[in-house]
$ cat entry36.pdb   # PDB, C-alpha atoms
ATOM      1  CA  MET A 417       3.794   6.818  16.041  1.00  0.00           C
ATOM      2  CA  LEU A 418       3.553   3.224  17.230  1.00  0.00           C
ATOM      3  CA  GLU A 419       1.753   2.222  14.028  1.00  0.00           C
ATOM      4  CA  GLN A 420       4.535   3.789  11.977  1.00  0.00           C
ATOM      5  CA  ALA A 421       7.179   1.873  13.914  1.00  0.00           C
ATOM      6  CA  MET A 422       5.264  -1.372  13.427  1.00  0.00           C
ATOM      7  CA  LEU A 423       4.872  -0.721   9.701  1.00  0.00           C
ATOM      8  CA  ARG A 424       8.568   0.060   9.436  1.00  0.00           C
ATOM      9  CA  GLU A 425       9.474  -3.242  11.096  1.00  0.00           C
ATOM     10  CA  GLN A 426       7.130  -5.167   8.807  1.00  0.00           C
ATOM     11  CA  PHE A 427       8.542  -3.485   5.697  1.00  0.00           C
ATOM     12  CA  LEU A 428      12.095  -4.172   6.873  1.00  0.00           C
ATOM     13  CA  ALA A 429      11.239  -7.851   7.334  1.00  0.00           C
ATOM     14  CA  LEU A 430       9.612  -7.930   3.898  1.00  0.00           C
ATOM     15  CA  LEU A 431      12.616  -6.218   2.346  1.00  0.00           C
ATOM     16  CA  ASP A 432      14.978  -8.734   3.915  1.00  0.00           C
ATOM     17  CA  LYS A 433      12.975 -11.671   2.532  1.00  0.00           C
ATOM     18  CA  GLU A 434      12.724 -10.087  -0.904  1.00  0.00           C
ATOM     19  CA  ARG A 435      16.504  -9.521  -0.981  1.00  0.00           C
ATOM     20  CA  GLN A 436      17.146 -13.134   0.005  1.00  0.00           C
ATOM     21  CA  ALA A 437      14.850 -14.375  -2.753  1.00  0.00           C
ATOM     22  CA  GLU A 438      16.418 -12.003  -5.279  1.00  0.00           C
ATOM     23  CA  ARG A 439      19.881 -13.373  -4.513  1.00  0.00           C
ATOM     24  CA  LEU A 440      18.658 -16.963  -4.803  1.00  0.00           C
ATOM     25  CA  TYR A 441      17.000 -16.327  -8.173  1.00  0.00           C
ATOM     26  CA  ALA A 442      20.113 -14.553  -9.462  1.00  0.00           C
ATOM     27  CA  ASP A 443      22.286 -17.476  -8.398  1.00  0.00           C
ATOM     28  CA  LEU A 444      19.895 -20.046  -9.826  1.00  0.00           C
ATOM     29  CA  SER A 445      19.539 -18.306 -13.191  1.00  0.00           C
ATOM     30  CA  SER A 446      23.318 -18.116 -13.562  1.00  0.00           C
ATOM     31  CA  ARG A 447      23.585 -21.898 -13.145  1.00  0.00           C
ATOM     32  CA  LEU A 448      20.699 -23.009 -15.352  1.00  0.00           C
ATOM     33  CA  THR A 449      21.453 -24.438 -18.774  1.00  0.00           C
ATOM     34  CA  ASP A 450      17.873 -24.826 -20.042  1.00  0.00           C
ATOM     35  CA  PRO A 451      17.109 -21.547 -21.865  1.00  0.00           C
ATOM     36  CA  VAL A 452      13.350 -21.677 -21.231  1.00  0.00           C
ATOM     37  CA  LEU A 453      13.774 -22.312 -17.524  1.00  0.00           C
ATOM     38  CA  ARG A 454      16.518 -19.699 -17.341  1.00  0.00           C
ATOM     39  CA  ARG A 455      14.184 -17.060 -18.864  1.00  0.00           C
ATOM     40  CA  GLN A 456      11.467 -17.937 -16.372  1.00  0.00           C
ATOM     41  CA  VAL A 457      13.827 -17.633 -13.412  1.00  0.00           C
ATOM     42  CA  GLU A 458      15.239 -14.376 -14.796  1.00  0.00           C
ATOM     43  CA  GLU A 459      11.690 -13.029 -14.923  1.00  0.00           C
ATOM     44  CA  LEU A 460      11.187 -14.027 -11.295  1.00  0.00           C
ATOM     45  CA  HIS A 461      14.478 -12.283 -10.504  1.00  0.00           C
ATOM     46  CA  ARG A 462      13.279  -9.074 -12.172  1.00  0.00           C
ATOM     47  CA  ASP A 463      10.000  -9.312 -10.232  1.00  0.00           C
ATOM     48  CA  LYS A 464      11.936  -9.554  -6.988  1.00  0.00           C
ATOM     49  CA  GLN A 465      13.984  -6.501  -7.966  1.00  0.00           C
ATOM     50  CA  ARG A 466      10.736  -4.576  -8.492  1.00  0.00           C
ATOM     51  CA  HIS A 467       9.420  -5.800  -5.139  1.00  0.00           C
ATOM     52  CA  ILE A 468      12.603  -4.583  -3.462  1.00  0.00           C
ATOM     53  CA  ALA A 469      12.214  -1.146  -5.025  1.00  0.00           C
ATOM     54  CA  LEU A 470       8.596  -0.984  -3.858  1.00  0.00           C
ATOM     55  CA  ALA A 471       9.458  -2.080  -0.328  1.00  0.00           C
ATOM     56  CA  GLU A 472      12.239   0.525  -0.178  1.00  0.00           C
ATOM     57  CA  ARG A 473       9.779   3.192  -1.326  1.00  0.00           C
ATOM     58  CA  LEU A 474       7.262   2.119   1.309  1.00  0.00           C
ATOM     59  CA  LEU A 475       9.979   2.406   3.940  1.00  0.00           C
ATOM     60  CA  GLU A 476      10.707   5.948   2.768  1.00  0.00           C
ATOM     61  CA  ILE A 477       7.025   6.821   3.143  1.00  0.00           C
ATOM     62  CA  VAL A 478       6.664   5.518   6.705  1.00  0.00           C
ATOM     63  CA  GLU A 479       9.922   7.091   7.929  1.00  0.00           C
TER
END
$ encode --input "entry36.pdb" --output "structure tokens"
Amino acid sequence: MLEQAMLREQFLALLDKERQAERLYADLSSRLTDPVLRRQVEELHRDKQRHIALAERLLEIVE
């Protein structure tokens, strides 16, 4: 039970960081004018969205 609680806390911390990064990439991509750089940042944004979904799924598993 203690291990599960520790895992939950770690996944919550990870999820918080991933959400922060996702918001930053979304904001940055909306302000970029260089199309190549914008595509690269949008790809990073999509990666962060996938990471968030995975972290949420991991939380579901440990709860």
$ atom_distance --input "entry36.pdb" --atom1 "CA of Leu423 in chain A" --atom2 "CA of Ala442 in chain A"
28.1 Å
$ closest_residue --input "entry36.pdb" --among "A:Ile477, A:Ala437, A:Ala421, A:Leu428" --to "Lys464 in chain A" --atoms "all atoms listed in the file"
A:Ala437
$ resolve_selection --input "entry36.pdb" --expression "the PyMOL selection byres ((chain A and resi 457-460) around 10)" --output "PDB file with C-alpha atoms, in the frame of the given file"
ATOM      1  CA  ALA A 437      14.850 -14.375  -2.753  1.00  0.00           C
ATOM      2  CA  GLU A 438      16.418 -12.003  -5.279  1.00  0.00           C
ATOM      3  CA  LEU A 440      18.658 -16.963  -4.803  1.00  0.00           C
ATOM      4  CA  TYR A 441      17.000 -16.327  -8.173  1.00  0.00           C
ATOM      5  CA  ALA A 442      20.113 -14.553  -9.462  1.00  0.00           C
ATOM      6  CA  ASP A 443      22.286 -17.476  -8.398  1.00  0.00           C
ATOM      7  CA  LEU A 444      19.895 -20.046  -9.826  1.00  0.00           C
ATOM      8  CA  SER A 445      19.539 -18.306 -13.191  1.00  0.00           C
ATOM      9  CA  SER A 446      23.318 -18.116 -13.562  1.00  0.00           C
ATOM     10  CA  LEU A 448      20.699 -23.009 -15.352  1.00  0.00           C
ATOM     11  CA  PRO A 451      17.109 -21.547 -21.865  1.00  0.00           C
ATOM     12  CA  VAL A 452      13.350 -21.677 -21.231  1.00  0.00           C
ATOM     13  CA  LEU A 453      13.774 -22.312 -17.524  1.00  0.00           C
ATOM     14  CA  ARG A 454      16.518 -19.699 -17.341  1.00  0.00           C
ATOM     15  CA  ARG A 455      14.184 -17.060 -18.864  1.00  0.00           C
ATOM     16  CA  GLN A 456      11.467 -17.937 -16.372  1.00  0.00           C
ATOM     17  CA  HIS A 461      14.478 -12.283 -10.504  1.00  0.00           C
ATOM     18  CA  ARG A 462      13.279  -9.074 -12.172  1.00  0.00           C
ATOM     19  CA  ASP A 463      10.000  -9.312 -10.232  1.00  0.00           C
ATOM     20  CA  LYS A 464      11.936  -9.554  -6.988  1.00  0.00           C
ATOM     21  CA  GLN A 465      13.984  -6.501  -7.966  1.00  0.00           C
ATOM     22  CA  ARG A 466      10.736  -4.576  -8.492  1.00  0.00           C
TER      23      ARG A 466
END
$ closest_residue --input "entry36.pdb" --among "A:Leu430, A:Met422, A:Met417, A:Arg439" --to "Ala471 in chain A" --atoms "only C-alpha atoms"
A:Leu430
$ atom_distance --input "entry36.pdb" --atom1 "CA of Ile468 in chain A" --atom2 "CA of Lys433 in chain A"
9.3 Å
$ resolve_selection --input "entry36.pdb" --expression "the PyMOL selection byres ((chain A and resi 479) around 9)" --output "short mmCIF file (atom, residue, chain, number, x, y, z; two decimals) with C-alpha atoms, in the coordinates of the input"
data_model
loop_
_atom_site.label_atom_id
_atom_site.label_comp_id
_atom_site.auth_asym_id
_atom_site.auth_seq_id
_atom_site.Cartn_x
_atom_site.Cartn_y
_atom_site.Cartn_z
CA GLN A 420 4.54 3.79 11.98
CA ALA A 421 7.18 1.87 13.91
CA ARG A 424 8.57 0.06 9.44
CA LEU A 474 7.26 2.12 1.31
CA LEU A 475 9.98 2.41 3.94
CA GLU A 476 10.71 5.95 2.77
CA ILE A 477 7.02 6.82 3.14
CA VAL A 478 6.66 5.52 6.70
#
